[in-house]
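Student: Okay, so here is data03.tsv, and as you'll see once you scroll down, it has TSV, N, CA, C and O atoms.
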chain	number	residue	atom	x	y	z
I	800	MET	N	118.04	97.71	123.90
I	800	MET	CA	117.97	98.51	122.69
I	800	MET	C	119.28	99.27	122.49
I	800	MET	O	119.95	99.64	123.45
I	801	ALA	N	119.59	99.53	121.24
I	801	ALA	CA	120.81	100.25	120.93
I	801	ALA	C	120.61	101.73	121.14
I	801	ALA	O	119.55	102.29	120.88
I	802	ASN	N	121.64	102.37	121.66
I	802	ASN	CA	121.62	103.81	121.89
I	802	ASN	C	122.62	104.47	120.95
I	802	ASN	O	123.66	103.90	120.63
I	803	PRO	N	122.34	105.72	120.50
I	803	PRO	CA	123.29	106.40	119.62
I	803	PRO	C	124.59	106.72	120.35
I	803	PRO	O	124.58	107.11	121.53
I	804	LYS	N	125.72	106.57	119.66
I	804	LYS	CA	127.02	106.85	120.26
I	804	LYS	C	127.29	108.36	120.33
I	804	LYS	O	127.92	108.82	121.27
I	805	LYS	N	126.88	109.10	119.29
I	805	LYS	CA	127.13	110.53	119.23
I	805	LYS	C	125.84	111.27	118.96
I	805	LYS	O	124.89	110.74	118.38
I	806	ARG	N	125.83	112.55	119.35
I	806	ARG	CA	124.67	113.40	119.13
I	806	ARG	C	124.63	113.81	117.66
I	806	ARG	O	125.66	114.17	117.09
I	807	ARG	N	123.46	113.75	117.05
I	807	ARG	CA	123.32	114.17	115.65
I	807	ARG	C	123.17	115.67	115.59
I	807	ARG	O	122.37	116.26	116.32
I	808	THR	N	123.88	116.32	114.71
I	808	THR	CA	123.84	117.77	114.60
I	808	THR	C	122.56	118.20	113.89
I	808	THR	O	121.88	117.41	113.24
I	809	LYS	N	122.26	119.50	114.00
I	809	LYS	CA	121.06	120.05	113.36
I	809	LYS	C	121.14	119.91	111.85
I	809	LYS	O	120.15	119.65	111.18
I	810	SER	N	122.34	120.10	111.29
I	810	SER	CA	122.49	120.00	109.84
I	810	SER	C	122.31	118.56	109.36
I	810	SER	O	121.73	118.31	108.30
I	811	ALA	N	122.76	117.60	110.12
I	811	ALA	CA	122.58	116.20	109.73
I	811	ALA	C	121.11	115.80	109.79
I	811	ALA	O	120.63	115.06	108.93
I	812	ILE	N	120.40	116.31	110.79
I	812	ILE	CA	118.98	116.03	110.89
I	812	ILE	C	118.24	116.67	109.72
I	812	ILE	O	117.35	116.08	109.12
I	813	GLY	N	118.62	117.91	109.37
I	813	GLY	CA	117.99	118.61	108.26
I	813	GLY	C	118.24	117.92	106.93
I	813	GLY	O	117.35	117.85	106.07
I	814	LYS	N	119.44	117.39	106.74
I	814	LYS	CA	119.75	116.67	105.50
I	814	LYS	C	118.95	115.37	105.41
I	814	LYS	O	118.56	114.94	104.33
I	815	ASN	N	118.71	114.73	106.53
I	815	ASN	CA	117.94	113.50	106.55
I	815	ASN	C	116.47	113.77	106.23
I	815	ASN	O	115.80	112.94	105.63
I	816	ARG	N	115.96	114.95	106.62
I	816	ARG	CA	114.56	115.28	106.42
I	816	ARG	C	114.32	116.12	105.16
I	816	ARG	O	113.27	116.74	105.04
I	817	ALA	N	115.25	116.15	104.25
I	817	ALA	CA	115.14	117.00	103.07
I	817	ALA	C	113.96	116.59	102.18
I	817	ALA	O	113.37	117.43	101.51
I	818	HIS	N	113.59	115.34	102.18
I	818	HIS	CA	112.50	114.86	101.33
I	818	HIS	C	111.13	115.07	101.97
I	818	HIS	O	110.11	114.77	101.35
I	819	LEU	N	111.06	115.58	103.18
I	819	LEU	CA	109.79	115.75	103.88
I	819	LEU	C	109.14	117.11	103.63
I	819	LEU	O	108.16	117.44	104.29
I	820	SER	N	109.68	117.88	102.72
I	820	SER	CA	109.12	119.21	102.46
I	820	SER	C	107.75	119.09	101.78
I	820	SER	O	107.45	118.09	101.14
I	821	LEU	N	106.93	120.12	101.92
I	821	LEU	CA	105.60	120.12	101.33
I	821	LEU	C	105.66	120.44	99.85
I	821	LEU	O	106.49	121.25	99.41
I	822	ASP	N	104.79	119.83	99.07
I	822	ASP	CA	104.71	120.10	97.65
I	822	ASP	C	103.72	121.24	97.40
I	822	ASP	O	102.81	121.46	98.19
I	823	LYS	N	103.91	121.94	96.30
I	823	LYS	CA	102.96	122.98	95.92
I	823	LYS	C	101.66	122.33	95.44
I	823	LYS	O	101.68	121.28	94.81
I	824	THR	N	100.54	122.95	95.77
I	824	THR	CA	99.27	122.41	95.34
I	824	THR	C	99.05	122.75	93.87
I	824	THR	O	99.31	123.87	93.43
I	825	VAL	N	98.60	121.77	93.12
I	825	VAL	CA	98.37	121.94	91.70
I	825	VAL	C	96.91	122.35	91.51
I	825	VAL	O	96.01	121.73	92.07
I	826	LEU	N	96.69	123.40	90.75
I	826	LEU	CA	95.33	123.88	90.49
I	826	LEU	C	95.04	123.80	89.01
I	826	LEU	O	95.91	124.04	88.17
I	827	SER	N	93.81	123.45	88.67
I	827	SER	CA	93.37	123.44	87.29
I	827	SER	C	92.29	124.50	87.12
I	827	SER	O	91.81	125.08	88.09
I	828	VAL	N	91.89	124.74	85.89
I	828	VAL	CA	90.91	125.77	85.58
I	828	VAL	C	89.59	125.11	85.21
I	828	VAL	O	89.56	124.16	84.43
I	829	CYS	N	88.51	125.58	85.80
I	829	CYS	CA	87.17	125.08	85.49
I	829	CYS	C	86.81	125.52	84.07
I	829	CYS	O	86.88	126.70	83.75
I	830	PRO	N	86.41	124.59	83.20
I	830	PRO	CA	86.09	124.99	81.83
I	830	PRO	C	84.80	125.81	81.72
I	830	PRO	O	84.60	126.52	80.75
I	831	LYS	N	83.93	125.71	82.72
I	831	LYS	CA	82.65	126.43	82.66
I	831	LYS	C	82.79	127.88	83.11
I	831	LYS	O	82.37	128.80	82.43
I	832	CYS	N	83.37	128.09	84.32
I	832	CYS	CA	83.42	129.45	84.87
I	832	CYS	C	84.83	130.03	84.93
I	832	CYS	O	85.01	131.15	85.39
I	833	LYS	N	85.83	129.29	84.49
I	833	LYS	CA	87.23	129.72	84.43
I	833	LYS	C	87.80	130.05	85.82
I	833	LYS	O	88.71	130.85	85.95
I	834	GLU	N	87.27	129.42	86.86
I	834	GLU	CA	87.77	129.60	88.22
I	834	GLU	C	88.78	128.48	88.51
I	834	GLU	O	88.67	127.37	88.00
I	835	THR	N	89.79	128.75	89.33
I	835	THR	CA	90.78	127.73	89.66
I	835	THR	C	90.19	126.76	90.68
I	835	THR	O	89.55	127.15	91.65
I	836	THR	N	90.39	125.46	90.42
I	836	THR	CA	89.88	124.41	91.30
I	836	THR	C	90.95	123.34	91.46
I	836	THR	O	91.92	123.30	90.71
I	837	LYS	N	90.75	122.47	92.44
I	837	LYS	CA	91.63	121.32	92.58
I	837	LYS	C	91.28	120.31	91.50
I	837	LYS	O	90.12	120.17	91.13
I	838	PRO	N	92.27	119.58	90.99
I	838	PRO	CA	91.96	118.57	89.98
I	838	PRO	C	91.12	117.43	90.56
I	838	PRO	O	91.25	117.09	91.74
I	839	HIS	N	90.25	116.85	89.77
I	839	HIS	CA	89.38	115.73	90.13
I	839	HIS	C	88.40	116.09	91.24
I	839	HIS	O	88.00	115.23	92.02
I	840	ASN	N	88.03	117.36	91.34
I	840	ASN	CA	87.05	117.82	92.32
I	840	ASN	C	86.04	118.72	91.62
I	840	ASN	O	86.37	119.38	90.63
I	841	ALA	N	84.84	118.75	92.16
I	841	ALA	CA	83.82	119.64	91.61
I	841	ALA	C	84.21	121.09	91.90
I	841	ALA	O	84.81	121.39	92.93
I	842	CYS	N	83.86	121.98	90.99
I	842	CYS	CA	84.17	123.40	91.15
I	842	CYS	C	83.34	123.97	92.29
I	842	CYS	O	82.13	123.76	92.37
I	843	LEU	N	83.98	124.68	93.18
I	843	LEU	CA	83.27	125.28	94.31
I	843	LEU	C	82.49	126.52	93.90
I	843	LEU	O	81.58	126.93	94.62
I	844	ASN	N	82.80	127.09	92.76
I	844	ASN	CA	82.13	128.30	92.31
I	844	ASN	C	80.82	127.99	91.57
I	844	ASN	O	79.79	128.57	91.85
I	845	CYS	N	80.88	127.04	90.62
I	845	CYS	CA	79.68	126.75	89.82
I	845	CYS	C	79.11	125.35	90.05
I	845	CYS	O	77.99	125.07	89.67
I	846	GLY	N	79.86	124.44	90.67
I	846	GLY	CA	79.35	123.11	90.98
I	846	GLY	C	79.43	122.12	89.85
I	846	GLY	O	78.79	121.07	89.90
I	847	HIS	N	80.22	122.38	88.82
I	847	HIS	CA	80.33	121.48	87.69
I	847	HIS	C	81.57	120.60	87.82
I	847	HIS	O	82.59	121.01	88.38
I	848	TYR	N	81.47	119.38	87.29
I	848	TYR	CA	82.60	118.47	87.20
I	848	TYR	C	82.45	117.69	85.91
I	848	TYR	O	81.43	117.04	85.67
I	849	ARG	N	83.42	117.77	85.06
I	849	ARG	CA	83.42	117.09	83.76
I	849	ARG	C	82.17	117.41	82.95
I	849	ARG	O	81.47	116.50	82.48
I	850	ASP	N	81.87	118.67	82.82
I	850	ASP	CA	80.75	119.17	82.02
I	850	ASP	C	79.39	118.70	82.53
I	850	ASP	O	78.42	118.63	81.78
I	851	LYS	N	79.28	118.34	83.81
I	851	LYS	CA	78.01	117.97	84.41
I	851	LYS	C	77.81	118.78	85.68
I	851	LYS	O	78.75	119.04	86.41
I	852	SER	N	76.55	119.17	85.93
I	852	SER	CA	76.24	119.89	87.16
I	852	SER	C	76.08	118.88	88.28
I	852	SER	O	75.13	118.11	88.32
I	853	ILE	N	77.04	118.85	89.21
I	853	ILE	CA	77.06	117.87	90.28
I	853	ILE	C	76.50	118.46	91.57
I	853	ILE	O	75.68	117.85	92.24
I	854	VAL	N	76.92	119.67	91.91
I	854	VAL	CA	76.54	120.29	93.17
I	854	VAL	C	75.73	121.53	92.88
I	854	VAL	O	76.09	122.34	92.02
I	855	LYS	N	74.61	121.69	93.58
I	855	LYS	CA	73.83	122.91	93.44
I	855	LYS	C	74.38	123.94	94.41
I	855	LYS	O	74.42	123.71	95.62
I	856	ILE	N	74.81	125.08	93.88
I	856	ILE	CA	75.41	126.14	94.68
I	856	ILE	C	74.34	127.17	94.98
I	856	ILE	O	73.62	127.64	94.10
I	857	LYS	N	74.22	127.53	96.26
I	857	LYS	CA	73.28	128.58	96.65
I	857	LYS	C	73.86	129.93	96.27
I	857	LYS	O	75.08	130.13	96.29
I	858	ALA	N	72.99	130.87	95.93
I	858	ALA	CA	73.44	132.22	95.61
I	858	ALA	C	73.97	132.87	96.87
I	858	ALA	O	73.34	132.83	97.92
I	859	SER	N	75.15	133.46	96.78
I	859	SER	CA	75.73	134.09	97.95
I	859	SER	C	75.03	135.40	98.24
I	859	SER	O	74.71	136.19	97.34
I	860	THR	N	74.74	135.63	99.50
I	860	THR	CA	74.09	136.87	99.91
I	860	THR	C	75.11	137.75	100.56
I	860	THR	O	75.79	137.34	101.51
I	861	SER	N	75.25	138.94	100.06
I	861	SER	CA	76.20	139.87	100.65
I	861	SER	C	75.45	140.91	101.47
I	861	SER	O	74.45	141.48	101.03
I	862	LYS	N	75.91	141.12	102.66
I	862	LYS	CA	75.26	142.09	103.55
I	862	LYS	C	76.01	143.41	103.47
I	862	LYS	O	77.24	143.45	103.56
I	863	ASN	N	75.28	144.47	103.30
I	863	ASN	CA	75.88	145.80	103.28
I	863	ASN	C	75.94	146.34	104.70
I	863	ASN	O	74.94	146.41	105.39
I	864	LYS	N	77.13	146.71	105.08
I	864	LYS	CA	77.30	147.26	106.44
I	864	LYS	C	77.71	148.71	106.38
I	864	LYS	O	78.34	149.18	105.55
Can the structure in the file be given as structure tokens, please?
Tutor:
Amino acid sequence: MANPKKRRTKSAIGKNRAHLSLDKTVLSVCPKCKETTKPHNACLNCGHYRDKSIVKIKASTSKNK
């Protein structure tokens, strides 16, 4: 197998990996409850997707401490 002739510097490695950065997550707004959700996913707040009730959400119980 071939071996590298010279050591690659940190800046050269960083320039090579410039395209590997993470993208920002895109969020859309639920038309029913106006909560931000991921696109093409059911709303976690109300359970609707494309004007249909897909998931039944249980009422959240808050405990007073």
Student: Which residues are close to Arg849 (chain I), i.e. within 8 Å by only N, CA, C and O atoms, leaving aside same-chain residues fewer than 4 positions away? Reply as a PDB file with N, CA, C and O atoms, keeping the file's coordinate frame.
Tutor:
ATOM      1  N   PRO I 830      86.410 124.590  83.200  1.00  0.00           N
ATOM      2  CA  PRO I 830      86.090 124.990  81.830  1.00  0.00           C
ATOM      3  C   PRO I 830      84.800 125.810  81.720  1.00  0.00           C
ATOM      4  O   PRO I 830      84.600 126.520  80.750  1.00  0.00           O
ATOM      5  N   ASN I 840      88.030 117.360  91.340  1.00  0.00           N
ATOM      6  CA  ASN I 840      87.050 117.820  92.320  1.00  0.00           C
ATOM      7  C   ASN I 840      86.040 118.720  91.620  1.00  0.00           C
ATOM      8  O   ASN I 840      86.370 119.380  90.630  1.00  0.00           O
ATOM      9  N   ALA I 841      84.840 118.750  92.160  1.00  0.00           N
ATOM     10  CA  ALA I 841      83.820 119.640  91.610  1.00  0.00           C
ATOM     11  C   ALA I 841      84.210 121.090  91.900  1.00  0.00           C
ATOM     12  O   ALA I 841      84.810 121.390  92.930  1.00  0.00           O
ATOM     13  N   CYS I 842      83.860 121.980  90.990  1.00  0.00           N
ATOM     14  CA  CYS I 842      84.170 123.400  91.150  1.00  0.00           C
ATOM     15  C   CYS I 842      83.340 123.970  92.290  1.00  0.00           C
ATOM     16  O   CYS I 842      82.130 123.760  92.370  1.00  0.00           O
ATOM     17  N   ILE I 853      77.040 118.850  89.210  1.00  0.00           N
ATOM     18  CA  ILE I 853      77.060 117.870  90.280  1.00  0.00           C
ATOM     19  C   ILE I 853      76.500 118.460  91.570  1.00  0.00           C
ATOM     20  O   ILE I 853      75.680 117.850  92.240  1.00  0.00           O
TER      21      ILE I 853
END
Student: Residues of chain I in strand (DSSP E or B) according to DSSP, as a PDB file with N, CA, C and O atoms, keeping the file's coordinate frame?
Tutor:
ATOM      1  N   SER I 827      93.810 123.450  88.670  1.00  0.00           N
ATOM      2  CA  SER I 827      93.370 123.440  87.290  1.00  0.00           C
ATOM      3  C   SER I 827      92.290 124.500  87.120  1.00  0.00           C
ATOM      4  O   SER I 827      91.810 125.080  88.090  1.00  0.00           O
ATOM      5  N   VAL I 828      91.890 124.740  85.890  1.00  0.00           N
ATOM      6  CA  VAL I 828      90.910 125.770  85.580  1.00  0.00           C
ATOM      7  C   VAL I 828      89.590 125.110  85.210  1.00  0.00           C
ATOM      8  O   VAL I 828      89.560 124.160  84.430  1.00  0.00           O
ATOM      9  N   THR I 835      89.790 128.750  89.330  1.00  0.00           N
ATOM     10  CA  THR I 835      90.780 127.730  89.660  1.00  0.00           C
ATOM     11  C   THR I 835      90.190 126.760  90.680  1.00  0.00           C
ATOM     12  O   THR I 835      89.550 127.150  91.650  1.00  0.00           O
ATOM     13  N   THR I 836      90.390 125.460  90.420  1.00  0.00           N
ATOM     14  CA  THR I 836      89.880 124.410  91.300  1.00  0.00           C
ATOM     15  C   THR I 836      90.950 123.340  91.460  1.00  0.00           C
ATOM     16  O   THR I 836      91.920 123.300  90.710  1.00  0.00           O
ATOM     17  N   HIS I 847      80.220 122.380  88.820  1.00  0.00           N
ATOM     18  CA  HIS I 847      80.330 121.480  87.690  1.00  0.00           C
ATOM     19  C   HIS I 847      81.570 120.600  87.820  1.00  0.00           C
ATOM     20  O   HIS I 847      82.590 121.010  88.380  1.00  0.00           O
ATOM     21  N   TYR I 848      81.470 119.380  87.290  1.00  0.00           N
ATOM     22  CA  TYR I 848      82.600 118.470  87.200  1.00  0.00           C
ATOM     23  C   TYR I 848      82.450 117.690  85.910  1.00  0.00           C
ATOM     24  O   TYR I 848      81.430 117.040  85.670  1.00  0.00           O
ATOM     25  N   LYS I 851      79.280 118.340  83.810  1.00  0.00           N
ATOM     26  CA  LYS I 851      78.010 117.970  84.410  1.00  0.00           C
ATOM     27  C   LYS I 851      77.810 118.780  85.680  1.00  0.00           C
ATOM     28  O   LYS I 851      78.750 119.040  86.410  1.00  0.00           O
ATOM     29  N   SER I 852      76.550 119.170  85.930  1.00  0.00           N
ATOM     30  CA  SER I 852      76.240 119.890  87.160  1.00  0.00           C
ATOM     31  C   SER I 852      76.080 118.880  88.280  1.00  0.00           C
ATOM     32  O   SER I 852      75.130 118.110  88.320  1.00  0.00           O
TER      33      SER I 852
END
Student: State, in Å with one decimal place, the distance from atom N of Lys833 (chain I) to atom O of His847 (chain I).
Tutor: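 Rounded to one decimal, the two atoms are 9.7 Å apart.
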Student: Could you please write out, as an NGL selection string, every residue of region 814-843 of chain I that DSSP assigns to helix (DSSP H, G or I)?
Tutor: :I and (814-815 or 817-819)
Student: What's the separation between atom O of Val828 (chain I) and atom C of Tyr848 (chain I), in Å to one decimal place?
Tutor: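 Pair atom O of Val828 (chain I) / atom C of Tyr848 (chain I) returns 9.7 Å.
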Student: Rounded to one decimal, what separation in Å do you get between atom O of Gly846 (chain I) and atom O of Thr824 (chain I)?
Tutor: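 Computing it gives 21.0 Å between the two atoms.
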Student: Excluding Leu826 (chain I) and residues on its chain fewer than 2 positions from it, collect all residues at most 8 Å away from it, counting all atoms listed in the file, and give them as a list in words.
Tutor: Lys823, Thr824, Val828, Cys829, Glu834, Thr835, Thr836, Lys837 and Pro838 of chain I
Student: Of the residues I:Ala811, I:Met800, I:Ala817, I:Val825, which is the one nearest to His839 (chain I), using only C-alpha atoms?
Tutor: I:Val825
Student: Go through I:Leu819, I:Lys831, I:Gly813, I:Ile856 one by one, measure the shortest atom-to-atom distance of each to Leu843 (chain I) using only C-alpha atoms, and give the residue with the smallest value.
Tutor: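 Nearest to Leu843 (chain I): I:Ile856.
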